[in-house]
$ cat query.csv   # CSV, C-alpha atoms
chain,number,residue,atom,x,y,z
M,43,MET,CA,3.0,-23.3,11.1
M,44,GLN,CA,3.9,-23.1,7.4
M,45,LEU,CA,5.1,-19.8,5.9
M,46,ASP,CA,2.0,-19.6,3.6
M,47,ASN,CA,-0.3,-19.9,6.6
M,48,LEU,CA,1.6,-17.2,8.4
M,49,TYR,CA,1.3,-14.9,5.4
M,50,GLN,CA,-2.4,-15.6,5.2
M,51,GLU,CA,-2.7,-14.6,8.9
M,52,VAL,CA,-0.8,-11.3,8.3
M,53,ILE,CA,-3.1,-10.4,5.4
M,54,LEU,CA,-6.3,-11.3,7.4
M,55,ASP,CA,-5.0,-9.4,10.4
M,56,HIS,CA,-4.5,-6.2,8.3
M,57,TYR,CA,-7.9,-6.7,6.6
M,58,LYS,CA,-9.7,-7.2,9.9
M,59,ASN,CA,-7.6,-4.6,11.8
M,60,PRO,CA,-6.6,-2.0,9.2
M,61,GLN,CA,-4.0,0.6,10.0
M,62,HIS,CA,-4.7,4.3,9.4
M,63,LYS,CA,-8.2,3.6,8.0
M,64,LYS,CA,-10.0,6.8,8.7
M,65,LEU,CA,-9.7,9.7,6.4
M,66,SER,CA,-8.0,12.6,8.0
M,67,PRO,CA,-9.9,15.9,7.5
M,68,THR,CA,-6.6,17.7,6.7
M,69,TYR,CA,-4.2,16.7,4.0
M,70,ASP,CA,-2.0,18.0,1.3
M,71,ALA,CA,-3.4,15.7,-1.4
M,72,GLN,CA,-6.3,13.3,-1.7
M,73,VAL,CA,-6.8,10.7,-4.5
M,74,HIS,CA,-9.5,8.2,-5.3
M,75,HIS,CA,-8.5,5.0,-7.2
M,76,ILE,CA,-10.8,2.3,-8.5
M,77,ASN,CA,-9.8,-1.1,-9.8
M,78,PRO,CA,-12.4,-1.5,-12.7
M,79,SER,CA,-11.8,-5.2,-13.0
M,80,CYS,CA,-13.2,-6.0,-9.6
M,81,GLY,CA,-14.6,-2.8,-8.2
M,82,ASP,CA,-12.2,-2.3,-5.3
M,83,GLU,CA,-11.9,1.4,-4.3
M,84,ILE,CA,-9.4,3.4,-2.2
M,85,THR,CA,-9.5,7.1,-1.2
M,86,LEU,CA,-6.1,8.0,0.2
M,87,ASN,CA,-4.9,11.2,1.9
M,88,VAL,CA,-1.2,12.2,2.2
M,89,THR,CA,0.3,15.0,4.3
M,90,LEU,CA,3.9,15.9,4.0
M,91,SER,CA,6.3,17.7,6.3
M,92,GLY,CA,9.0,18.8,4.0
M,93,ASP,CA,10.0,15.6,2.2
M,94,THR,CA,8.7,13.3,5.0
M,95,VAL,CA,5.4,11.5,5.0
M,96,ALA,CA,3.8,13.0,8.0
M,97,ASN,CA,0.4,11.3,7.6
M,98,VAL,CA,-1.4,8.7,5.5
M,99,SER,CA,-5.0,8.0,6.0
M,100,TRP,CA,-7.4,6.1,3.8
M,101,ASP,CA,-10.8,4.5,3.4
M,102,GLY,CA,-11.9,1.9,0.9
M,103,VAL,CA,-13.9,-1.1,0.0
M,104,GLY,CA,-12.8,-4.3,-1.6
M,105,CYS,CA,-11.2,-7.6,-1.2
M,106,SER,CA,-9.0,-8.6,1.6
M,107,ILE,CA,-5.9,-8.2,-0.6
M,108,SER,CA,-6.6,-4.6,-1.6
M,109,GLN,CA,-7.5,-3.6,1.9
M,110,ALA,CA,-4.7,-5.4,3.6
M,111,SER,CA,-2.2,-4.1,1.1
M,112,VAL,CA,-3.1,-0.4,1.6
M,113,SER,CA,-3.1,-1.0,5.4
M,114,ILE,CA,0.4,-2.4,5.2
M,115,LEU,CA,1.5,0.5,2.9
M,116,SER,CA,0.2,3.1,5.2
M,117,ASP,CA,2.1,1.6,8.1
M,118,LEU,CA,5.3,1.2,6.1
M,119,VAL,CA,5.6,4.7,4.6
M,120,LEU,CA,4.5,6.8,7.6
M,121,GLY,CA,7.5,8.8,8.9
M,122,LYS,CA,9.7,7.9,5.9
M,123,THR,CA,11.1,10.4,3.5
M,124,LEU,CA,9.7,10.4,0.0
M,125,ALA,CA,12.9,8.8,-1.2
M,126,GLN,CA,12.6,6.0,1.3
M,127,ALA,CA,8.9,5.5,0.5
M,128,GLN,CA,9.8,5.3,-3.2
M,129,GLU,CA,12.4,2.6,-2.5
M,130,ILE,CA,9.8,0.6,-0.6
M,131,SER,CA,7.3,1.2,-3.4
M,132,ASP,CA,9.7,0.1,-6.1
M,133,SER,CA,10.6,-3.0,-4.2
M,134,PHE,CA,7.0,-3.9,-3.8
M,135,MET,CA,6.3,-3.3,-7.5
M,136,ALA,CA,9.2,-5.6,-8.4
M,137,LEU,CA,7.8,-8.2,-6.0
M,138,MET,CA,4.3,-8.0,-7.7
M,139,GLN,CA,5.9,-8.3,-11.1
M,140,SER,CA,8.0,-11.3,-10.2
M,141,LYS,CA,5.3,-13.9,-11.1
M,142,GLY,CA,6.2,-15.7,-7.9
M,143,THR,CA,9.9,-15.9,-8.4
M,144,GLN,CA,10.8,-13.4,-5.6
M,145,THR,CA,10.0,-13.5,-1.9
M,146,GLY,CA,10.8,-9.8,-1.2
M,147,ASP,CA,13.2,-8.1,1.1
M,148,GLU,CA,11.6,-8.5,4.6
M,149,ASN,CA,13.8,-5.8,6.1
M,150,LEU,CA,12.5,-3.3,3.6
M,151,LEU,CA,8.9,-4.5,3.0
M,152,GLU,CA,8.1,-5.9,6.4
M,153,ASP,CA,4.5,-7.3,6.4
M,154,ALA,CA,4.2,-6.6,2.6
M,155,VAL,CA,6.2,-9.7,1.9
M,156,ALA,CA,3.0,-11.6,3.0
M,157,LEU,CA,1.6,-10.5,-0.4
M,158,ALA,CA,4.3,-12.2,-2.4
M,159,GLY,CA,2.0,-15.1,-3.4
M,160,VAL,CA,-0.3,-12.6,-5.1
M,161,SER,CA,2.3,-12.1,-7.8
M,162,GLN,CA,1.3,-15.6,-9.2
M,163,TYR,CA,-2.2,-14.4,-10.0
M,164,PRO,CA,-2.3,-11.6,-12.6
M,165,ALA,CA,-5.9,-10.7,-11.8
M,166,ARG,CA,-5.0,-10.1,-8.2
M,167,ILE,CA,-1.9,-8.0,-8.7
M,168,LYS,CA,-4.1,-4.9,-9.4
M,169,CYS,CA,-5.8,-5.5,-6.1
M,170,ALA,CA,-2.5,-5.5,-4.3
M,171,LEU,CA,-1.2,-2.4,-6.1
M,172,LEU,CA,-4.3,-0.3,-5.8
M,173,GLY,CA,-3.3,1.5,-2.6
M,174,TRP,CA,0.3,1.8,-3.7
M,175,MET,CA,-0.6,3.6,-6.9
M,176,ALA,CA,-2.9,5.9,-5.0
M,177,PHE,CA,-0.1,6.7,-2.6
M,178,LYS,CA,2.3,7.4,-5.5
M,179,ASP,CA,-0.2,9.8,-7.1
M,180,ALA,CA,-1.1,11.5,-3.8
M,181,SER,CA,2.6,12.0,-2.8
M,182,VAL,CA,3.4,13.6,-6.2
M,183,GLN,CA,0.4,15.9,-5.8
M,184,ALA,CA,1.3,16.8,-2.2
M,185,LEU,CA,4.9,17.5,-3.1
M,186,ALA,CA,3.8,19.8,-6.0
M,187,LYS,CA,1.4,21.6,-3.7
M,188,ASN,CA,4.1,22.2,-1.1
M,189,GLN,CA,6.7,23.6,-3.5
$ encode --input "query.csv" --output "structure tokens"
Amino acid sequence: MQLDNLYQEVILDHYKNPQHKKLSPTYDAQVHHINPSCGDEITLNVTLSGDTVANVSWDGVGCSISQASVSILSDLVLGKTLAQAQEISDSFMALMQSKGTQTGDENLLEDAVALAGVSQYPARIKCALLGWMAFKDASVQALAKNQ
């Protein structure tokens, strides 16, 4: 099986079997982000325990890329400190801005490296980043609330 086919399978698996897709009724912060260019929407909740991501839950509608990306994100950052989550987020952002020149650090990004090919399509990058930007906003709000 070619690597591209494997990556497509990972994206489709997260799209069809999303992780943490059910909004938790309790949270420290909730944000709603929309990609105006295509209509994708994400509502994302974050709960912190100190500086650790205790819970991430979300709901949304949109293309397979936006939905798979937020599923991957929610799995990746759960249980991580905010500093670790920021490192993961920064690495994913760099991957998306690479215009196809990077493959991503599989040890850090895990399934998110499956989205590397998206970086070659500027119109789709916003889809892949929608959940990540929502998480960034929610974690900042949650941290401010808990201080």
$ closest_residue --input "query.csv" --among "M:Gly159, M:Pro60, M:Gly104, M:Pro67" --to "Asn87 in chain M" --atoms "only C-alpha atoms"
M:Pro67
$ residues_around --input "query.csv" --residues "Leu90 in chain M" --least-positions-apart "5" --cutoff "10 Å" --atoms "all atoms listed in the file" --output "list of chain:residue names"
M:Tyr69, M:Asp70, M:Ala71, M:Val95, M:Ala96, M:Asn97, M:Val98, M:Leu120, M:Gly121, M:Thr123, M:Leu124, M:Ser181, M:Ala184, M:Leu185, M:Lys187, M:Asn188
$ residues_around --input "query.csv" --residues "Asn47 in chain M" --least-positions-apart "6" --cutoff "12 Å" --atoms "all atoms listed in the file" --output "JSON, numbers by chain"
{"M": [53, 54, 156, 157, 159]}
$ residues_around --input "query.csv" --residues "Ile167 in chain M" --least-positions-apart "3" --cutoff "10 Å" --atoms "all atoms listed in the file" --output "list in words"
Ile107, Ser108, Met135, Met138, Gln139, Lys141, Leu157, Ala158, Gly159, Val160, Ser161, Gln162, Tyr163, Pro164, Ala170, Leu171 and Leu172 of chain M
$ write_last_selection --input "query.csv" --atoms "C-alpha atoms" --output "PDB file, in the coordinates of the input"
ATOM      1  CA  ILE M 107      -5.900  -8.200  -0.600  1.00  0.00           C
ATOM      2  CA  SER M 108      -6.600  -4.600  -1.600  1.00  0.00           C
ATOM      3  CA  MET M 135       6.300  -3.300  -7.500  1.00  0.00           C
ATOM      4  CA  MET M 138       4.300  -8.000  -7.700  1.00  0.00           C
ATOM      5  CA  GLN M 139       5.900  -8.300 -11.100  1.00  0.00           C
ATOM      6  CA  LYS M 141       5.300 -13.900 -11.100  1.00  0.00           C
ATOM      7  CA  LEU M 157       1.600 -10.500  -0.400  1.00  0.00           C
ATOM      8  CA  ALA M 158       4.300 -12.200  -2.400  1.00  0.00           C
ATOM      9  CA  GLY M 159       2.000 -15.100  -3.400  1.00  0.00           C
ATOM     10  CA  VAL M 160      -0.300 -12.600  -5.100  1.00  0.00           C
ATOM     11  CA  SER M 161       2.300 -12.100  -7.800  1.00  0.00           C
ATOM     12  CA  GLN M 162       1.300 -15.600  -9.200  1.00  0.00           C
ATOM     13  CA  TYR M 163      -2.200 -14.400 -10.000  1.00  0.00           C
ATOM     14  CA  PRO M 164      -2.300 -11.600 -12.600  1.00  0.00           C
ATOM     15  CA  ALA M 170      -2.500  -5.500  -4.300  1.00  0.00           C
ATOM     16  CA  LEU M 171      -1.200  -2.400  -6.100  1.00  0.00           C
ATOM     17  CA  LEU M 172      -4.300  -0.300  -5.800  1.00  0.00           C
TER      18      LEU M 172
END
$ residues_around --input "query.csv" --residues "Glu148 in chain M" --least-positions-apart "6" --cutoff "12 Å" --atoms "only C-alpha atoms" --output "number ranges by chain"
M: 118, 130, 133-134, 137, 154-158
$ residues_around --input "query.csv" --residues "range 79-84 of chain M" --least-positions-apart "5" --cutoff "8 Å" --atoms "all atoms listed in the file" --output "ChimeraX atom specification"
/M:74,100-105,108,169,172-173,176
$ atom_distance --input "query.csv" --atom1 "CA of Gln109 in chain M" --atom2 "CA of His56 in chain M"
7.5 Å
$ atom_distance --input "query.csv" --atom1 "CA of Leu86 in chain M" --atom2 "CA of Lys178 in chain M"
10.2 Å
$ closest_residue --input "query.csv" --among "M:Met175, M:Ala186, M:Ala165, M:Ala180" --to "Ser99 in chain M" --atoms "all atoms listed in the file"
M:Ala180
$ closest_residue --input "query.csv" --among "M:Asp55, M:Asp132, M:Asp179, M:Asp46" --to "Ile114 in chain M" --atoms "all atoms listed in the file"
M:Asp55
$ atom_distance --input "query.csv" --atom1 "CA of Gln128 in chain M" --atom2 "CA of Gln50 in chain M"
25.6 Å
$ closest_residue --input "query.csv" --among "M:Thr94, M:Thr89, M:Ser66, M:Gln183" --to "Ala127 in chain M" --atoms "all atoms listed in the file"
M:Thr94
$ closest_residue --input "query.csv" --among "M:Val52, M:Gln126, M:Val182, M:Asp93" --to "Glu152 in chain M" --atoms "all atoms listed in the file"
M:Val52
$ residues_near_point --input "query.csv" --point "(3.4, 2.9, -1.3)" --cutoff "6 Å" --atoms "only C-alpha atoms" --output "NGL selection string"
:M and (115 or 131 or 174 or 177)
$ closest_residue --input "query.csv" --among "M:Leu150, M:Ser111, M:Glu51, M:Arg166" --to "Glu129 in chain M" --atoms "only C-alpha atoms"
M:Leu150
